[in-house]
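Asker: Supplied in structure tokens, the structure appears directly below.
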There are 2 protein chains.
Amino acid sequence: MGVFSKTCEYAIRAVFFIAHKTASGGRVGIKEVAAGIDSPEPFLAKILQDLSRKGIVQSAKGPNGGFYLDADALKRPLTDIVEAVDGNALFTGCALGLKQCSEVKPCPLHGQFKIIRGEIHELLETTKIGKFNQELILGINALKK
Amino acid sequence: MGVFSKTCEYAIRAVFFIAHKTASGGRVGIKEVAAGIDSPEPFLAKILQDLSRKGIVQSAKGPNGGFYLDADALKRPLTDIVEAVDGNALFTGCALGLKQCSEVKPCPLHGQFKIIRGEIHELLETTKIGKFNQELILGINALKK
DNA sequence: CAAATAAAAGATAAAAAAGTCTTTTAATTT
DNA sequence: AAATTAAAAGACTTTTTTATCTTTTATTTG
């Protein structure tokens, strides 16, 4: 079990892919995105539909249509993707799954995991969607295999 | 989605419960454990069977039987439970689910998540199973609701 | 406006995780 | 030794997650 759900892993990779592919205008089709991040195409289609509805990616139908990101979207933090897909359990939930876990009646791991959850949130909040465009274009970073 | 699977959450809570309940000798039955950590009894039974097979908890059948932890088991780190139940994906896996993600061809989040994964591993490695016995006996820490 | 293109929507299907129930085995007590 | 107790084992069910397929809607271009 990773930190994110499979759906969320695909979502982040897809958004990174769309971001760097459409950095200089243009759109990219679902086929190319799926191939570019090595994901099942119909499943990714569902995920991108959802992200599109939520305004995290933009899309256009018809010839020359496809997915893209506007200037605002490029500046959004990764937390927006994660919250849209996985919710905020990763940032706010108890490590041991206790509904009532809090400062008043903490689970044994509460204090320590509060710090770690905070660090994950901080990392995803300060990392913007467009941050890796250059590295991806240059092939320094990978989004598949 | 939390950090651990539901199964692993139950496993850690159950082991903490057994640890503090049997700190001065004695055993505790599955019914009492399930009630004490607010988990479905038959499901927990499966989990404890597995942990018992793997030597993380001890068990005894028959009257006055039940689960307990020997001195060695109390000194084991939480990583032993997590690895037994969820494997080591949390400590070693790529945040974006890439099989080939590494220093050579890293995903965009590789460097940052390496640090966080390391901190989680460090925390679980230095925290021993018996660590919270006193807090649990005194009711400072909670394992249910 | 017709044809082609590409995403959106909806209905299913397969796999994995979570949870339940029944029978068996082992140990203890009388 | 028989009865009782409690975990182990195995088969099964439900729910959630992951994945697929088909039809519809919107847009563009000739």
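In the structure tokens, each chain is lettered A, B, ... as it comes, each chain's residues begin at 1, and ligands are numbered from 1 in order of appearance.
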Please identify every residue of chain A that has at least one atom no more than 8 Å from any atom of chain C, counting only C-alpha atoms (C1' of nucleotides), and report them as a list in words.

Answerer: Gly29, Gln49, Ser59, Ala60, Lys61, Gly62, Pro63, Asn64, Gly65 and Gly66 of chain A

Asker: Report as CSV the residues of chain D within 10 Å of chain A, each with its shortest atom pair and distance in Å (one decimal), using only C-alpha atoms (C1' of nucleotides), ordered by chain and increasing residue number.

Answerer:
```
residue,atom,partner,partner_atom,distance
D:DT17,C1',A:Lys6,CA,8.8
D:DT18,C1',A:Phe43,CA,7.9
D:DA19,C1',A:Phe43,CA,5.8
D:DT20,C1',A:Pro42,CA,6.6
D:DC21,C1',A:Pro42,CA,8.7
D:DT25,C1',A:Lys61,CA,9.2
D:DA26,C1',A:Lys61,CA,6.0
D:DT27,C1',A:Gly62,CA,4.3
D:DT28,C1',A:Pro63,CA,5.5
D:DT29,C1',A:Pro63,CA,8.2
```

Asker: Take the residues from that selection and put them in a file with N, CA and C atoms (P, O5', C5', C4', C3', O3' and C1' of nucleotides), as a JSON list (two decimals), in the first residue's frame.

Answerer:
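Full text of out-v4.json as output:
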```
[["chain", "number", "residue", "atom", "x", "y", "z"],
["D", 17, "DT", "P", -12.83, 2.65, -1.82],
["D", 17, "DT", "O5'", -11.93, 1.97, -2.96],
["D", 17, "DT", "C5'", -10.99, 0.96, -2.60],
["D", 17, "DT", "C4'", -10.38, 0.38, -3.85],
["D", 17, "DT", "C3'", -9.90, 1.41, -4.88],
["D", 17, "DT", "O3'", -8.56, 1.09, -5.17],
["D", 17, "DT", "C1'", -11.26, -0.24, -5.92],
["D", 18, "DT", "P", -7.66, 1.92, -6.20],
["D", 18, "DT", "O5'", -7.88, 1.10, -7.56],
["D", 18, "DT", "C5'", -7.48, -0.26, -7.61],
["D", 18, "DT", "C4'", -7.85, -0.86, -8.94],
["D", 18, "DT", "C3'", -7.41, -0.06, -10.16],
["D", 18, "DT", "O3'", -6.63, -0.93, -10.97],
["D", 18, "DT", "C1'", -9.66, -0.76, -10.38],
["D", 19, "DA", "P", -6.00, -0.47, -12.37],
["D", 19, "DA", "O5'", -7.14, -0.85, -13.41],
["D", 19, "DA", "C5'", -7.49, -2.23, -13.58],
["D", 19, "DA", "C4'", -8.63, -2.33, -14.57],
["D", 19, "DA", "C3'", -8.43, -1.62, -15.91],
["D", 19, "DA", "O3'", -8.36, -2.62, -16.90],
["D", 19, "DA", "C1'", -10.64, -1.35, -15.10],
["D", 20, "DT", "P", -8.20, -2.25, -18.44],
["D", 20, "DT", "O5'", -9.73, -2.32, -18.91],
["D", 20, "DT", "C5'", -10.45, -3.54, -18.72],
["D", 20, "DT", "C4'", -11.82, -3.44, -19.37],
["D", 20, "DT", "C3'", -11.83, -2.92, -20.81],
["D", 20, "DT", "O3'", -12.47, -3.92, -21.59],
["D", 20, "DT", "C1'", -13.49, -1.83, -19.53],
["D", 21, "DC", "P", -12.45, -3.82, -23.20],
["D", 21, "DC", "O5'", -13.96, -3.42, -23.54],
["D", 21, "DC", "C5'", -15.04, -4.05, -22.82],
["D", 21, "DC", "C4'", -16.33, -3.32, -23.13],
["D", 21, "DC", "C3'", -16.42, -2.81, -24.57],
["D", 21, "DC", "O3'", -17.64, -3.26, -25.13],
["D", 21, "DC", "C1'", -16.94, -1.07, -23.04],
["D", 25, "DT", "P", -27.31, 12.91, -26.05],
["D", 25, "DT", "O5'", -26.11, 13.96, -25.98],
["D", 25, "DT", "C5'", -25.40, 14.16, -24.76],
["D", 25, "DT", "C4'", -24.19, 15.02, -25.03],
["D", 25, "DT", "C3'", -24.50, 16.29, -25.83],
["D", 25, "DT", "O3'", -24.00, 17.39, -25.09],
["D", 25, "DT", "C1'", -22.64, 15.13, -26.75],
["D", 26, "DA", "P", -24.31, 18.90, -25.55],
["D", 26, "DA", "O5'", -22.90, 19.34, -26.16],
["D", 26, "DA", "C5'", -21.76, 19.30, -25.31],
["D", 26, "DA", "C4'", -20.53, 19.51, -26.16],
["D", 26, "DA", "C3'", -20.57, 20.78, -27.02],
["D", 26, "DA", "O3'", -19.38, 21.49, -26.72],
["D", 26, "DA", "C1'", -19.92, 18.91, -28.32],
["D", 27, "DT", "P", -19.16, 23.00, -27.21],
["D", 27, "DT", "O5'", -18.16, 22.80, -28.43],
["D", 27, "DT", "C5'", -16.90, 22.16, -28.20],
["D", 27, "DT", "C4'", -16.25, 21.88, -29.52],
["D", 27, "DT", "C3'", -16.20, 23.06, -30.49],
["D", 27, "DT", "O3'", -14.83, 23.44, -30.60],
["D", 27, "DT", "C1'", -16.72, 21.02, -31.58],
["D", 28, "DT", "P", -14.36, 24.72, -31.43],
["D", 28, "DT", "O5'", -13.87, 24.06, -32.79],
["D", 28, "DT", "C5'", -12.92, 22.98, -32.73],
["D", 28, "DT", "C4'", -12.85, 22.32, -34.09],
["D", 28, "DT", "C3'", -12.61, 23.29, -35.25],
["D", 28, "DT", "O3'", -11.40, 22.87, -35.87],
["D", 28, "DT", "C1'", -14.32, 21.74, -35.77],
["D", 29, "DT", "P", -10.61, 23.84, -36.88],
["D", 29, "DT", "O5'", -10.84, 23.10, -38.26],
["D", 29, "DT", "C5'", -10.76, 21.66, -38.32],
["D", 29, "DT", "C4'", -11.37, 21.16, -39.61],
["D", 29, "DT", "C3'", -11.18, 22.10, -40.80],
["D", 29, "DT", "O3'", -10.81, 21.33, -41.93],
["D", 29, "DT", "C1'", -13.45, 21.57, -40.58]]
```

Asker: Might you pull out every residue within 7 Å of Leu124 in chain B, with only C-alpha atoms (C1' of nucleotides) counted and same-chain residues fewer than 6 positions away left off, and present them as a PyMOL selection string?

Answerer: chain B and resi 77-79

Asker: Find the residues of chain A in contact range of chain B, meaning any atom within 8 Å when counting only C-alpha atoms, and list them as a ChimeraX atom specification.

Answerer: /A:1-6,9-10,12-13,86-87,89-90,93-101,105-108,112,116,119-120,123,132,140-145

Asker: Which residues come within 9 Å of Gly36 in chain A, counting only C-alpha atoms (C1' of nucleotides), excluding same-chain residues fewer than 3 positions away, as a list of chain:residue names?

Answerer: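 Returned residues: A:Ala14, A:Phe17, A:Lys31, A:Glu32, A:Val33, A:Ser39, A:Leu143, A:Lys144.
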
Asker: So the first atom is CA of Ile56 in chain B and the second is CA of Val15 in chain B; what is the distance between them in Å, to one decimal place?

Answerer: 8.5 Å

Asker: Residues of chain A classed as helix (DSSP H, G or I) by DSSP on the backbone are to be reported as a VMD selection string.

Answerer: chain A and resid 6 to 21 30 to 37 41 to 53 71 to 75 78 to 86 89 to 92 110 to 126 129 to 137

Asker: Give me, please, the distance in Å between CA of Gly130 in chain B and CA of Ile18 in chain B, quoted to one decimal.

Answerer: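 It comes out at 9.6 Å.
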
Asker: According to DSSP computed on the backbone, where in chain A is there strand (DSSP E or B)? Give the residues as number ranges by chain.

Answerer: A: 28, 58-60, 66-68, 77, 128
